[in-house]
file start-v3.txt (compact mmCIF, C-alpha atoms)
# COMPACT_ATOMS: atom_id res chain seq x y z
CA MET E 1 17.13 26.61 4.66
CA SER E 2 13.98 28.01 3.06
CA ASN E 3 11.70 26.26 0.58
CA ALA E 4 13.08 28.47 -2.20
CA GLU E 5 16.69 27.62 -1.38
CA LEU E 6 15.93 23.92 -1.16
CA ASN E 7 14.09 24.00 -4.49
CA GLU E 8 17.17 25.51 -6.13
CA LEU E 9 19.26 22.62 -4.81
CA LYS E 10 16.62 20.11 -5.94
CA HIS E 11 16.60 21.40 -9.50
CA LYS E 12 20.39 21.45 -9.64
CA TYR E 13 21.23 18.12 -8.01
CA VAL E 14 18.24 15.74 -7.86
CA ALA E 15 17.51 13.56 -10.90
CA ALA E 16 14.37 14.75 -12.68
CA GLY E 17 12.79 11.30 -12.51
CA ALA E 18 13.17 11.25 -8.73
CA ALA E 19 12.45 14.89 -7.94
CA SER E 20 9.15 15.76 -6.28
CA PRO E 21 7.00 18.34 -8.08
CA ALA E 22 6.05 19.71 -4.65
CA THR E 23 7.75 22.96 -3.69
CA ALA E 24 7.27 22.77 0.09
CA PHE E 25 9.89 20.81 2.03
CA ALA E 26 8.94 18.96 5.22
CA ALA E 27 10.82 20.27 8.26
CA ARG E 28 8.95 18.66 11.15
CA ALA E 29 5.85 16.57 11.71
CA GLU E 30 3.53 15.36 14.44
CA ASN E 31 0.80 12.73 14.03
CA ALA E 32 -1.26 14.05 11.08
CA GLU E 33 0.38 17.47 10.69
CA VAL E 34 3.52 18.61 8.85
CA TRP E 35 5.30 21.96 8.86
CA ASP E 36 7.47 23.01 5.94
CA ALA E 37 10.81 24.80 5.84
CA ASP E 38 9.05 28.17 5.87
CA GLY E 39 6.88 27.26 8.87
CA ASN E 40 3.66 26.63 6.92
CA ARG E 41 1.37 23.95 8.37
CA PHE E 42 -0.15 21.11 6.33
CA ILE E 43 -2.71 18.48 7.28
CA ASP E 44 -1.49 15.12 5.97
CA PHE E 45 -4.11 12.98 4.24
CA ALA E 46 -1.40 11.02 2.38
CA GLY E 47 0.51 9.50 5.29
CA GLY E 48 3.67 9.07 3.21
CA ILE E 49 1.53 6.95 0.84
CA GLY E 50 0.19 4.69 3.56
CA VAL E 51 3.32 4.52 5.72
CA LEU E 52 2.05 6.41 8.77
CA ASN E 53 -1.03 4.56 10.01
CA VAL E 54 0.06 5.25 13.61
CA GLY E 55 1.05 8.82 12.77
CA HIS E 56 4.17 10.85 12.18
CA ARG E 57 6.76 10.25 14.89
CA HIS E 58 4.65 8.15 17.23
CA PRO E 59 6.32 8.64 20.64
CA LYS E 60 6.65 4.91 21.32
CA VAL E 61 8.30 4.29 17.94
CA VAL E 62 10.66 7.26 18.31
CA ALA E 63 11.69 6.08 21.77
CA ALA E 64 12.34 2.54 20.54
CA VAL E 65 14.53 3.73 17.66
CA LYS E 66 16.49 6.09 19.92
CA ALA E 67 17.06 3.31 22.44
CA GLN E 68 18.31 0.99 19.68
CA LEU E 69 20.79 3.63 18.50
CA ASP E 70 22.51 3.34 21.87
CA LYS E 71 23.02 -0.40 21.32
CA VAL E 72 23.62 -1.61 17.75
CA MET E 73 23.02 0.21 14.45
CA HIS E 74 24.33 -2.41 12.04
CA THR E 75 26.07 -5.74 11.76
CA CYS E 76 24.20 -7.29 8.78
CA GLN E 77 22.04 -9.99 10.28
CA THR E 78 23.58 -12.69 8.07
CA VAL E 79 27.02 -11.83 9.52
CA MET E 80 25.99 -11.49 13.15
CA PRO E 81 22.27 -11.71 13.97
CA TYR E 82 20.53 -9.72 16.67
CA GLU E 83 17.42 -9.99 18.80
CA GLY E 84 15.20 -7.56 16.92
CA TYR E 85 15.16 -9.56 13.70
CA VAL E 86 14.05 -12.81 15.30
CA LYS E 87 11.55 -11.00 17.54
CA VAL E 88 9.90 -9.35 14.53
CA ALA E 89 9.83 -12.72 12.77
CA GLU E 90 8.22 -14.33 15.82
CA LYS E 91 5.55 -11.60 16.05
CA LEU E 92 4.71 -11.75 12.35
CA SER E 93 4.56 -15.53 12.39
CA HIS E 94 1.81 -15.30 14.98
CA ILE E 95 -0.32 -12.59 13.33
CA VAL E 96 0.01 -13.15 9.57
CA PRO E 97 -2.75 -15.49 8.28
CA VAL E 98 -0.80 -17.73 5.91
CA ARG E 99 -1.36 -21.48 5.74
CA GLY E 100 0.33 -23.48 8.47
CA HIS E 101 3.35 -22.44 10.49
CA ALA E 102 4.80 -19.19 9.15
CA LYS E 103 8.43 -18.25 8.62
CA VAL E 104 9.72 -14.80 7.82
CA MET E 105 12.31 -12.95 5.77
CA LEU E 106 12.77 -9.20 6.37
CA ALA E 107 13.70 -6.72 3.66
CA ASN E 108 13.81 -2.96 3.14
CA SER E 109 10.92 -2.02 0.84
CA GLY E 110 7.70 -3.26 -0.67
CA ALA E 111 9.33 -3.86 -4.05
CA GLU E 112 12.11 -5.84 -2.42
CA ALA E 113 9.54 -7.93 -0.58
CA LEU E 114 7.73 -8.74 -3.84
CA GLU E 115 10.98 -9.59 -5.64
CA ASN E 116 11.88 -12.03 -2.87
CA ALA E 117 8.37 -13.48 -2.75
CA VAL E 118 8.75 -14.43 -6.42
CA LYS E 119 12.20 -15.92 -5.73
CA VAL E 120 10.75 -18.01 -2.91
CA ALA E 121 7.79 -19.12 -5.02
CA ARG E 122 10.06 -20.19 -7.87
CA ALA E 123 12.32 -22.11 -5.50
CA ALA E 124 9.36 -23.81 -3.82
CA THR E 125 7.59 -24.84 -7.04
CA GLY E 126 10.40 -25.22 -9.56
CA ARG E 127 8.32 -23.04 -11.92
CA SER E 128 8.92 -19.61 -13.46
CA ASN E 129 5.69 -17.87 -14.49
CA VAL E 130 3.70 -15.45 -12.38
CA ILE E 131 0.24 -14.04 -13.02
CA CYS E 132 -0.67 -10.56 -11.81
CA PHE E 133 -3.71 -8.33 -12.31
CA ASP E 134 -4.74 -5.22 -14.19
CA GLY E 135 -4.32 -2.15 -12.00
CA GLY E 136 -1.98 -3.87 -9.56
CA TYR E 137 1.06 -2.07 -8.23
CA HIS E 138 4.03 -3.96 -6.79
CA GLY E 139 7.08 -1.69 -7.09
CA ARG E 140 9.71 0.00 -9.24
CA THR E 141 12.43 -2.62 -9.55
CA PHE E 142 12.54 -4.32 -12.94
CA TYR E 143 10.58 -7.45 -12.07
CA THR E 144 8.02 -5.56 -10.01
CA MET E 145 7.63 -3.03 -12.83
CA ALA E 146 6.81 -5.97 -15.09
CA MET E 147 4.21 -7.11 -12.54
CA ASN E 148 2.54 -3.70 -12.34
CA GLY E 149 -0.80 -3.56 -14.12
CA LYS E 150 -0.25 -0.02 -15.35
CA VAL E 151 2.37 1.16 -17.83
CA ALA E 152 2.80 4.91 -17.21
CA PRO E 153 4.76 6.24 -15.47
CA TYR E 154 6.43 3.12 -14.13
CA GLN E 155 7.58 1.31 -17.30
CA THR E 156 7.46 4.05 -19.91
CA ASP E 157 11.13 5.00 -20.26
CA PHE E 158 12.88 1.79 -19.30
CA GLY E 159 12.78 -0.52 -22.28
CA PRO E 160 11.73 -4.18 -22.36
CA MET E 161 10.39 -5.67 -19.16
CA PRO E 162 11.38 -9.11 -17.82
CA GLY E 163 9.37 -12.00 -19.23
CA THR E 164 7.28 -14.78 -17.64
CA VAL E 165 4.85 -12.21 -16.18
CA PHE E 166 1.25 -12.55 -17.33
CA ARG E 167 -1.88 -10.55 -16.62
CA ALA E 168 -5.51 -11.16 -15.70
CA PRO E 169 -8.44 -8.75 -15.14
CA TYR E 170 -9.14 -7.46 -11.64
CA PRO E 171 -12.82 -7.27 -10.71
CA VAL E 172 -13.99 -3.65 -10.78
CA PRO E 173 -17.70 -3.75 -11.68
CA TYR E 174 -17.91 0.06 -11.67
CA HIS E 175 -15.56 0.09 -14.66
CA GLY E 176 -17.16 -2.87 -16.42
CA VAL E 177 -15.20 -5.86 -15.08
CA SER E 178 -17.42 -8.26 -13.17
CA GLU E 179 -16.16 -10.96 -10.85
CA ASP E 180 -17.18 -13.62 -13.36
CA GLU E 181 -15.29 -11.83 -16.13
CA ALA E 182 -12.19 -11.55 -13.93
CA ILE E 183 -12.23 -15.27 -13.13
CA ARG E 184 -12.83 -16.10 -16.80
CA GLY E 185 -9.83 -13.93 -17.69
CA LEU E 186 -7.63 -15.65 -15.12
CA LYS E 187 -8.60 -19.09 -16.37
CA MET E 188 -7.99 -17.93 -19.94
CA ALA E 189 -4.51 -16.67 -19.02
CA LEU E 190 -3.74 -20.15 -17.69
CA LYS E 191 -4.84 -21.61 -21.04
CA THR E 192 -3.34 -19.12 -23.47
CA ASP E 193 -0.20 -17.70 -21.83
CA ALA E 194 0.84 -19.21 -18.51
CA ASN E 195 0.67 -22.99 -18.55
CA PRO E 196 -0.28 -24.04 -15.01
CA LYS E 197 2.57 -26.53 -14.78
CA ASP E 198 4.99 -23.65 -15.43
CA THR E 199 3.29 -21.10 -13.16
CA ALA E 200 4.79 -20.50 -9.74
CA ALA E 201 2.40 -17.93 -8.30
CA ILE E 202 -0.68 -15.78 -8.68
CA ILE E 203 -0.02 -12.40 -7.09
CA LEU E 204 -2.67 -9.86 -6.16
CA GLU E 205 -3.58 -7.05 -3.80
CA PRO E 206 -6.73 -7.76 -1.76
CA VAL E 207 -7.47 -4.05 -2.15
CA LEU E 208 -5.87 -2.31 -5.11
CA GLY E 209 -3.65 0.51 -3.91
CA GLU E 210 -2.28 2.66 -6.71
CA GLY E 211 -4.88 0.97 -8.92
CA GLY E 212 -7.78 2.76 -7.23
CA PHE E 213 -8.67 1.35 -3.78
CA TYR E 214 -11.00 -1.32 -5.12
CA PRO E 215 -11.45 -4.28 -2.74
CA ALA E 216 -11.56 -7.78 -4.19
CA PRO E 217 -14.79 -9.58 -3.28
CA LYS E 218 -14.50 -12.42 -0.77
CA SER E 219 -15.85 -14.87 -3.33
CA PHE E 220 -13.26 -13.78 -5.89
CA LEU E 221 -10.40 -14.38 -3.45
CA GLU E 222 -11.89 -17.78 -2.59
CA LYS E 223 -12.01 -18.70 -6.28
CA VAL E 224 -8.40 -17.60 -6.83
CA ARG E 225 -7.40 -19.72 -3.85
CA ALA E 226 -9.22 -22.70 -5.34
CA ILE E 227 -7.55 -22.23 -8.74
CA CYS E 228 -4.15 -22.11 -7.04
CA ASP E 229 -4.92 -25.31 -5.14
CA GLU E 230 -6.13 -27.05 -8.27
CA HIS E 231 -2.87 -26.42 -10.12
CA GLY E 232 -0.31 -26.38 -7.30
CA ILE E 233 0.24 -22.64 -7.77
CA LEU E 234 1.20 -20.48 -4.79
CA MET E 235 -1.09 -17.61 -3.83
CA ILE E 236 0.84 -14.45 -2.95
CA ILE E 237 -1.06 -11.59 -1.33
CA ASP E 238 0.52 -8.13 -1.50
CA GLU E 239 -0.42 -6.17 1.63
CA VAL E 240 2.20 -3.45 1.28
CA GLN E 241 -0.41 -0.67 1.27
CA SER E 242 -3.46 -2.41 2.74
CA GLY E 243 -1.68 -4.03 5.68
CA PHE E 244 -1.05 -2.94 9.25
CA GLY E 245 -4.51 -1.74 10.12
CA ARG E 246 -5.52 0.31 7.10
CA THR E 247 -8.72 -1.64 6.48
CA GLY E 248 -9.84 -2.17 10.07
CA LYS E 249 -8.07 -5.50 10.39
CA MET E 250 -4.34 -6.02 10.64
CA PHE E 251 -4.37 -7.34 7.05
CA ALA E 252 -7.05 -6.84 4.41
CA ILE E 253 -7.06 -10.55 3.47
CA GLU E 254 -8.54 -11.28 6.91
CA HIS E 255 -11.88 -9.85 5.76
CA SER E 256 -12.18 -12.84 3.41
CA GLY E 257 -10.91 -15.65 5.63
CA VAL E 258 -8.68 -16.82 2.74
CA GLU E 259 -5.23 -18.06 3.73
CA PRO E 260 -2.49 -17.37 1.15
CA ASP E 261 0.82 -19.20 0.91
CA ILE E 262 2.92 -16.02 1.02
CA MET E 263 2.19 -12.45 2.08
CA THR E 264 4.24 -9.29 1.60
CA MET E 265 4.06 -6.18 3.77
CA ALA E 266 5.93 -2.90 4.30
CA LYS E 267 4.88 0.79 4.62
CA SER E 268 3.11 1.18 8.01
CA MET E 269 5.00 -1.80 9.39
CA GLY E 270 7.79 0.57 10.49
CA ASP E 271 6.01 3.94 10.83
CA GLY E 272 8.56 5.56 8.52
CA MET E 273 11.56 3.33 9.12
CA PRO E 274 12.44 1.27 6.00
CA ILE E 275 11.38 -2.31 6.61
CA SER E 276 9.32 -4.94 4.80
CA ALA E 277 8.60 -8.63 5.22
CA ILE E 278 7.88 -11.78 3.27
CA VAL E 279 5.87 -14.20 5.39
CA GLY E 280 5.00 -17.66 4.15
CA THR E 281 4.30 -21.26 5.00
CA ASP E 282 7.45 -22.78 6.49
CA LYS E 283 8.10 -25.36 3.76
CA VAL E 284 7.70 -22.70 1.11
CA MET E 285 9.96 -20.21 2.87
CA ASP E 286 12.63 -22.87 3.50
CA ALA E 287 12.73 -24.04 -0.13
CA SER E 288 15.77 -22.05 -1.29
CA GLY E 289 19.33 -22.84 -0.27
CA PRO E 290 21.60 -21.33 2.38
CA ASN E 291 22.41 -17.62 1.98
CA SER E 292 19.97 -17.38 -0.95
CA LEU E 293 17.88 -14.65 0.68
CA GLY E 294 19.00 -11.45 2.35
CA GLY E 295 20.75 -8.15 1.86
CA THR E 296 23.16 -5.86 3.66
CA TYR E 297 20.49 -3.77 5.39
CA THR E 298 17.52 -6.14 5.42
CA GLY E 299 15.78 -6.09 8.79
CA SER E 300 18.18 -3.51 10.25
CA PRO E 301 18.28 -3.19 14.06
CA THR E 302 16.68 0.27 14.06
CA ALA E 303 13.93 -0.74 11.64
CA CYS E 304 13.19 -3.87 13.67
CA ALA E 305 12.95 -1.75 16.83
CA ALA E 306 10.41 0.47 15.05
CA ALA E 307 8.37 -2.50 13.82
CA LEU E 308 8.21 -4.05 17.27
CA ALA E 309 7.08 -0.73 18.71
CA VAL E 310 4.41 -0.38 16.02
CA MET E 311 2.99 -3.78 16.91
CA GLU E 312 2.88 -2.77 20.59
CA VAL E 313 1.03 0.42 19.63
CA PHE E 314 -1.59 -1.66 17.83
CA GLU E 315 -2.13 -3.73 20.95
CA GLU E 316 -2.16 -0.83 23.42
CA GLU E 317 -4.07 1.85 21.51
CA ASN E 318 -6.86 -0.09 19.76
CA ILE E 319 -5.64 0.94 16.32
CA LEU E 320 -7.89 -1.53 14.49
CA GLU E 321 -10.97 -0.14 16.21
CA LYS E 322 -9.81 3.38 15.39
CA SER E 323 -9.40 2.40 11.76
CA GLN E 324 -12.97 1.14 11.59
CA ALA E 325 -14.25 4.30 13.28
CA LEU E 326 -12.26 6.54 10.94
CA GLY E 327 -13.66 4.66 7.95
CA GLU E 328 -17.19 5.24 9.21
CA LYS E 329 -16.54 8.97 9.59
CA LEU E 330 -15.15 9.18 6.08
CA ALA E 331 -18.05 7.18 4.64
CA THR E 332 -20.56 9.54 6.26
CA ARG E 333 -18.86 12.60 4.82
CA PHE E 334 -18.48 10.99 1.39
CA LYS E 335 -22.21 10.24 1.33
CA ASP E 336 -22.96 13.90 2.02
CA TRP E 337 -20.62 14.97 -0.79
CA GLN E 338 -22.08 12.48 -3.23
CA GLY E 339 -25.47 14.08 -2.71
CA LYS E 340 -24.09 17.61 -2.95
CA PHE E 341 -21.66 17.32 -5.87
CA ASP E 342 -22.53 15.76 -9.23
CA CYS E 343 -18.84 15.01 -9.80
CA ILE E 344 -18.49 12.54 -6.89
CA ASP E 345 -19.43 8.91 -7.41
CA ASN E 346 -18.61 5.36 -6.31
CA ILE E 347 -17.78 6.19 -2.72
CA ARG E 348 -16.19 3.25 -0.92
CA ASN E 349 -14.18 2.22 2.08
CA MET E 350 -12.83 -0.85 3.79
CA GLY E 351 -12.04 0.47 7.23
CA ALA E 352 -9.95 3.60 6.74
CA MET E 353 -8.86 2.58 3.22
CA ALA E 354 -11.31 4.97 1.62
CA ALA E 355 -11.81 6.61 -1.77
CA PHE E 356 -14.25 8.11 -4.24
CA GLU E 357 -14.32 8.78 -7.99
CA LEU E 358 -14.42 12.18 -9.67
CA VAL E 359 -16.50 11.92 -12.84
CA SER E 360 -17.88 14.18 -15.55
CA ASP E 361 -20.93 11.93 -16.11
CA LYS E 362 -22.30 9.74 -13.33
CA ASP E 363 -24.58 7.75 -15.61
CA ASN E 364 -21.66 6.63 -17.77
CA HIS E 365 -19.02 6.61 -15.00
CA THR E 366 -16.85 8.91 -17.11
CA PRO E 367 -13.56 9.55 -15.27
CA ASN E 368 -12.47 13.16 -14.69
CA PRO E 369 -8.73 13.05 -13.98
CA GLU E 370 -8.37 16.77 -14.71
CA LEU E 371 -10.67 17.62 -11.81
CA ALA E 372 -8.79 15.19 -9.56
CA ALA E 373 -5.51 16.95 -10.36
CA LYS E 374 -7.07 20.36 -9.76
CA LEU E 375 -8.56 19.23 -6.44
CA CYS E 376 -5.24 17.87 -5.17
CA GLY E 377 -3.44 21.03 -6.28
CA LYS E 378 -6.01 23.36 -4.75
CA ALA E 379 -6.02 21.38 -1.51
CA ARG E 380 -2.23 21.70 -1.29
CA GLU E 381 -2.56 25.48 -1.69
CA GLU E 382 -5.02 25.44 1.23
CA GLY E 383 -2.71 23.38 3.47
CA LEU E 384 -3.94 19.83 2.85
CA ILE E 385 -1.83 17.03 1.37
CA LEU E 386 -4.15 14.90 -0.78
CA LEU E 387 -3.48 12.13 -3.33
CA SER E 388 -5.20 10.80 -6.42
CA CYS E 389 -4.72 7.35 -7.93
CA GLY E 390 -6.36 4.78 -10.16
CA MET E 391 -6.11 3.47 -13.70
CA TYR E 392 -7.79 6.67 -14.93
CA GLY E 393 -6.24 9.07 -12.41
CA ASN E 394 -9.66 10.15 -11.12
CA THR E 395 -9.76 8.42 -7.72
CA ILE E 396 -9.18 10.49 -4.58
CA ARG E 397 -7.67 8.23 -1.92
CA PHE E 398 -7.44 8.82 1.82
CA LEU E 399 -4.40 7.62 3.78
CA MET E 400 -4.29 9.96 6.75
CA PRO E 401 -2.95 8.45 9.98
CA VAL E 402 -5.52 6.31 11.73
CA THR E 403 -4.54 8.23 14.88
CA ILE E 404 -5.62 11.60 13.44
CA GLU E 405 -7.44 13.84 15.92
CA ASP E 406 -11.10 14.54 15.11
CA ASN E 407 -10.60 18.30 14.89
CA VAL E 408 -7.71 17.89 12.41
CA LEU E 409 -9.70 15.34 10.38
CA ASN E 410 -12.71 17.63 10.14
CA GLU E 411 -10.52 20.60 9.24
CA GLY E 412 -9.03 18.60 6.37
CA LEU E 413 -12.41 17.39 5.15
CA ASP E 414 -13.73 20.95 5.28
CA ILE E 415 -10.83 22.05 3.05
CA ILE E 416 -11.82 19.40 0.47
CA GLU E 417 -15.43 20.54 0.50
CA SER E 418 -14.40 24.16 0.14
CA CYS E 419 -12.10 23.29 -2.76
CA LEU E 420 -14.88 21.37 -4.50
CA ASP E 421 -17.22 24.32 -4.01
CA SER E 422 -14.74 26.59 -5.78
CA LEU E 423 -13.85 24.10 -8.56
CA VAL E 424 -17.30 22.87 -9.57

call {"tool": "encode", "arguments": {"input": "start-v3.txt", "output": "structure tokens"}}
result
Amino acid sequence: MSNAELNELKHKYVAAGAASPATAFAARAENAEVWDADGNRFIDFAGGIGVLNVGHRHPKVVAAVKAQLDKVMHTCQTVMPYEGYVKVAEKLSHIVPVRGHAKVMLANSGAEALENAVKVARAATGRSNVICFDGGYHGRTFYTMAMNGKVAPYQTDFGPMPGTVFRAPYPVPYHGVSEDEAIRGLKMALKTDANPKDTAAIILEPVLGEGGFYPAPKSFLEKVRAICDEHGILMIIDEVQSGFGRTGKMFAIEHSGVEPDIMTMAKSMGDGMPISAIVGTDKVMDASGPNSLGGTYTGSPTACAAALAVMEVFEEENILEKSQALGEKLATRFKDWQGKFDCIDNIRNMGAMAAFELVSDKDNHTPNPELAAKLCGKAREEGLILLSCGMYGNTIRFLMPVTIEDNVLNEGLDIIESCLDSLV
């Protein structure tokens, strides 16, 4: 079917809140390129919002999923377990930097991982409250919506949010929130809203994802860890977007050396197959009773096969080194643009988790979300899939596959520069 025919079906049958505003429908993809239903080619700088760090349809992952289809597609692992689930758990236990011996629960999505992380933390501590951070993004289920540090569009139409979720500032000096102010705000939240003896967990992203690609300083993460230890609160690190090689290490928290009690991950864990994980210290993960965690499809055989293949790809193809190298290439180009265009400011990257701000006034750091929207729209017209994000909607974020070929990368970056030339 053509793009036009598919758009007619979308408007007629897909709920407006779930329908994509894009009019081109993906028909096939390879590494960092996608072709639509009409045969038009796009360079993918979005990576399915951080899902495709090893590229669209990596051959090793495709082969692993196809091989699994010839064996078992589903039993529900709580009814009859299978090798893939325990193998993924074993692998994650060895590579995820939580305190002590790690145990694992698999789920289907990032939001589901965060929901279960809170369940585990409550069971382990006997407490209810959680503290999250401004700008954080954790999902679209009701409790994760309550944890999100941004109202629109995630909470706007859905009525009251669940309680016992409290908020603290995230350190973003560029927008006026220093590390000291963020720590002061966290300590104040523990005094004014979330009594420490009732607080199960402090939950944060080591690099904000939807919130703007701002990395938390090492010293800030160390101080949060110390506050958790002081009050017997569990530290939960959300690596759904920053994990699996995006920042040049397998997990962004490794840049700090801080060991959390629980970590969540998803997205590039399965290279497009739906899988997520909650990994935590064994005593914490074992705190809830029998059959208290799980789901019909959690850790499905095909998704586990994909995850195991992804981890082999990391080992065999030096993905972490490629992520660092990609980040350096992006940083170099961003620096050139910052000098050329008055609208580009606050360039930053941690490995290949890279971004810059579009502003109308550099001196005052005035966000320009209108220009960001125009740039993403113009880039799409020119065959480049590009995303904005951030509390003010003015951050351009880069999530192309780490495996992108240099010629495709440069072609995409040239499109951005050309679009900026025409827009400003």

call {"tool": "closest_atom_pairs", "arguments": {"input": "start-v3.txt", "of": "range 284-379 of chain E", "to": "range 410-423 of chain E", "cutoff": "9 Å", "atoms": "all atoms listed in the file", "output": "CSV"}}
result
residue,atom,partner,partner_atom,distance
E:Leu330,CA,E:Leu413,CA,8.7
E:Arg333,CA,E:Leu413,CA,8.0
E:Trp337,CA,E:Glu417,CA,7.7
E:Phe341,CA,E:Leu420,CA,8.0
E:Leu371,CA,E:Leu423,CA,7.9
E:Lys374,CA,E:Leu423,CA,7.8
E:Leu375,CA,E:Cys419,CA,6.5
E:Cys376,CA,E:Ile416,CA,8.8
E:Lys378,CA,E:Cys419,CA,6.4
E:Ala379,CA,E:Ile416,CA,6.4

call {"tool": "write_last_selection", "arguments": {"input": "start-v3.txt", "atoms": "C-alpha atoms", "output": "CSV table (one decimal), keeping the file's coordinate frame"}}
result
chain,number,residue,atom,x,y,z
E,330,LEU,CA,-15.2,9.2,6.1
E,333,ARG,CA,-18.9,12.6,4.8
E,337,TRP,CA,-20.6,15.0,-0.8
E,341,PHE,CA,-21.7,17.3,-5.9
E,371,LEU,CA,-10.7,17.6,-11.8
E,374,LYS,CA,-7.1,20.4,-9.8
E,375,LEU,CA,-8.6,19.2,-6.4
E,376,CYS,CA,-5.2,17.9,-5.2
E,378,LYS,CA,-6.0,23.4,-4.8
E,379,ALA,CA,-6.0,21.4,-1.5

call {"tool": "residues_around", "arguments": {"input": "start-v3.txt", "residues": "Gly185 in chain E", "least_positions_apart": "5", "cutoff": "12 Å", "atoms": "all atoms listed in the file", "output": "VMD selection string"}}
result
chain E and resid 131 to 134 166 to 171 177 to 180 190 to 194 224

call {"tool": "residues_near_point", "arguments": {"input": "start-v3.txt", "point": "(0.3, 14.7, 8.5)", "cutoff": "8 Å", "atoms": "only C-alpha atoms", "output": "number ranges by chain"}}
result
E: 29-34, 42-47, 55-56, 385, 400-401

call {"tool": "closest_residue", "arguments": {"input": "start-v3.txt", "among": "E:Arg225, E:His101, E:Lys150, E:Lys66", "to": "Ile203 in chain E", "atoms": "all atoms listed in the file"}}
result
E:Arg225

call {"tool": "atom_distance", "arguments": {"input": "start-v3.txt", "atom1": "CA of Phe142 in chain E", "atom2": "CA of Ala117 in chain E"}}
result
14.3 Å

call {"tool": "residues_around", "arguments": {"input": "start-v3.txt", "residues": "Ile49 in chain E", "least_positions_apart": "3", "cutoff": "12 Å", "atoms": "all atoms listed in the file", "output": "list in words"}}
result
Asp44, Phe45, Ala46, Leu52, Asn53, Gly209, Glu210, Val240, Gln241, Ser242, Arg246, Ala266, Lys267, Ser268, Asp271, Gly272, Met353, Ile385, Leu386, Leu387, Ser388, Cys389, Arg397, Phe398, Leu399, Met400 and Pro401 of chain E

call {"tool": "closest_residue", "arguments": {"input": "start-v3.txt", "among": "E:Val61, E:Asp282, E:Gly211, E:Lys218", "to": "Asn394 in chain E", "atoms": "only C-alpha atoms"}}
result
E:Gly211

call {"tool": "closest_atom_pairs", "arguments": {"input": "start-v3.txt", "of": "range 36-75 of chain E", "to": "range 300-308 of chain E", "cutoff": "8 Å", "atoms": "all atoms listed in the file", "output": "CSV"}}
result
residue,atom,partner,partner_atom,distance
E:Val61,CA,E:Ala306,CA,5.2
E:Val62,CA,E:Ala306,CA,7.5
E:Ala64,CA,E:Ala305,CA,5.7
E:Val65,CA,E:Thr302,CA,5.4
E:Gln68,CA,E:Thr302,CA,5.9
E:Leu69,CA,E:Thr302,CA,6.9
E:Val72,CA,E:Pro301,CA,6.7
E:Met73,CA,E:Pro301,CA,5.8
E:His74,CA,E:Pro301,CA,6.4

call {"tool": "closest_residue", "arguments": {"input": "start-v3.txt", "among": "E:Val172, E:Val130, E:Ile396, E:Val359", "to": "Lys197 in chain E", "atoms": "only C-alpha atoms"}}
result
E:Val130

call {"tool": "residues_around", "arguments": {"input": "start-v3.txt", "residues": "range 365-368 of chain E", "least_positions_apart": "5", "cutoff": "8 Å", "atoms": "all atoms listed in the file", "output": "PDB file with C-alpha atoms, keeping the file's coordinate frame"}}
result
ATOM      1  CA  TYR E 174     -17.910   0.060 -11.670  1.00  0.00           C
ATOM      2  CA  HIS E 175     -15.560   0.090 -14.660  1.00  0.00           C
ATOM      3  CA  ASP E 345     -19.430   8.910  -7.410  1.00  0.00           C
ATOM      4  CA  GLU E 357     -14.320   8.780  -7.990  1.00  0.00           C
ATOM      5  CA  LEU E 358     -14.420  12.180  -9.670  1.00  0.00           C
ATOM      6  CA  VAL E 359     -16.500  11.920 -12.840  1.00  0.00           C
ATOM      7  CA  SER E 360     -17.880  14.180 -15.550  1.00  0.00           C
ATOM      8  CA  TYR E 392      -7.790   6.670 -14.930  1.00  0.00           C
ATOM      9  CA  GLY E 393      -6.240   9.070 -12.410  1.00  0.00           C
ATOM     10  CA  ASN E 394      -9.660  10.150 -11.120  1.00  0.00           C
TER      11      ASN E 394
END

call {"tool": "atom_distance", "arguments": {"input": "start-v3.txt", "atom1": "CA of Glu381 in chain E", "atom2": "CA of Ala22 in chain E"}}
result
10.8 Å

call {"tool": "residues_near_point", "arguments": {"input": "start-v3.txt", "point": "(16.8, 28.3, -0.8)", "cutoff": "12 Å", "atoms": "only C-alpha atoms", "output": "list in words"}}
result
Met1, Ser2, Asn3, Ala4, Glu5, Leu6, Asn7, Glu8, Leu9, Lys10, His11, Lys12, Thr23, Ala24, Phe25, Ala37 and Asp38 of chain E

call {"tool": "closest_residue", "arguments": {"input": "start-v3.txt", "among": "E:Val310, E:Ala277, E:Ala373, E:Val207", "to": "Ala355 in chain E", "atoms": "only C-alpha atoms"}}
result
E:Val207

call {"tool": "atom_distance", "arguments": {"input": "start-v3.txt", "atom1": "CA of Asn129 in chain E", "atom2": "CA of Ala113 in chain E"}}
result
17.5 Å

call {"tool": "closest_residue", "arguments": {"input": "start-v3.txt", "among": "E:Gly176, E:Ser292, E:Cys228, E:Gly270", "to": "Met311 in chain E", "atoms": "all atoms listed in the file"}}
result
E:Gly270

call {"tool": "closest_residue", "arguments": {"input": "start-v3.txt", "among": "E:Arg127, E:Arg140, E:Lys87, E:His255", "to": "Gly110 in chain E", "atoms": "all atoms listed in the file"}}
result
E:Arg140

call {"tool": "residues_around", "arguments": {"input": "start-v3.txt", "residues": "Ala287 in chain E", "least_positions_apart": "3", "cutoff": "9 Å", "atoms": "only C-alpha atoms", "output": "list in words"}}
result
Val120, Ala121, Ala123, Ala124, Thr125, Asp282, Lys283 and Val284 of chain E
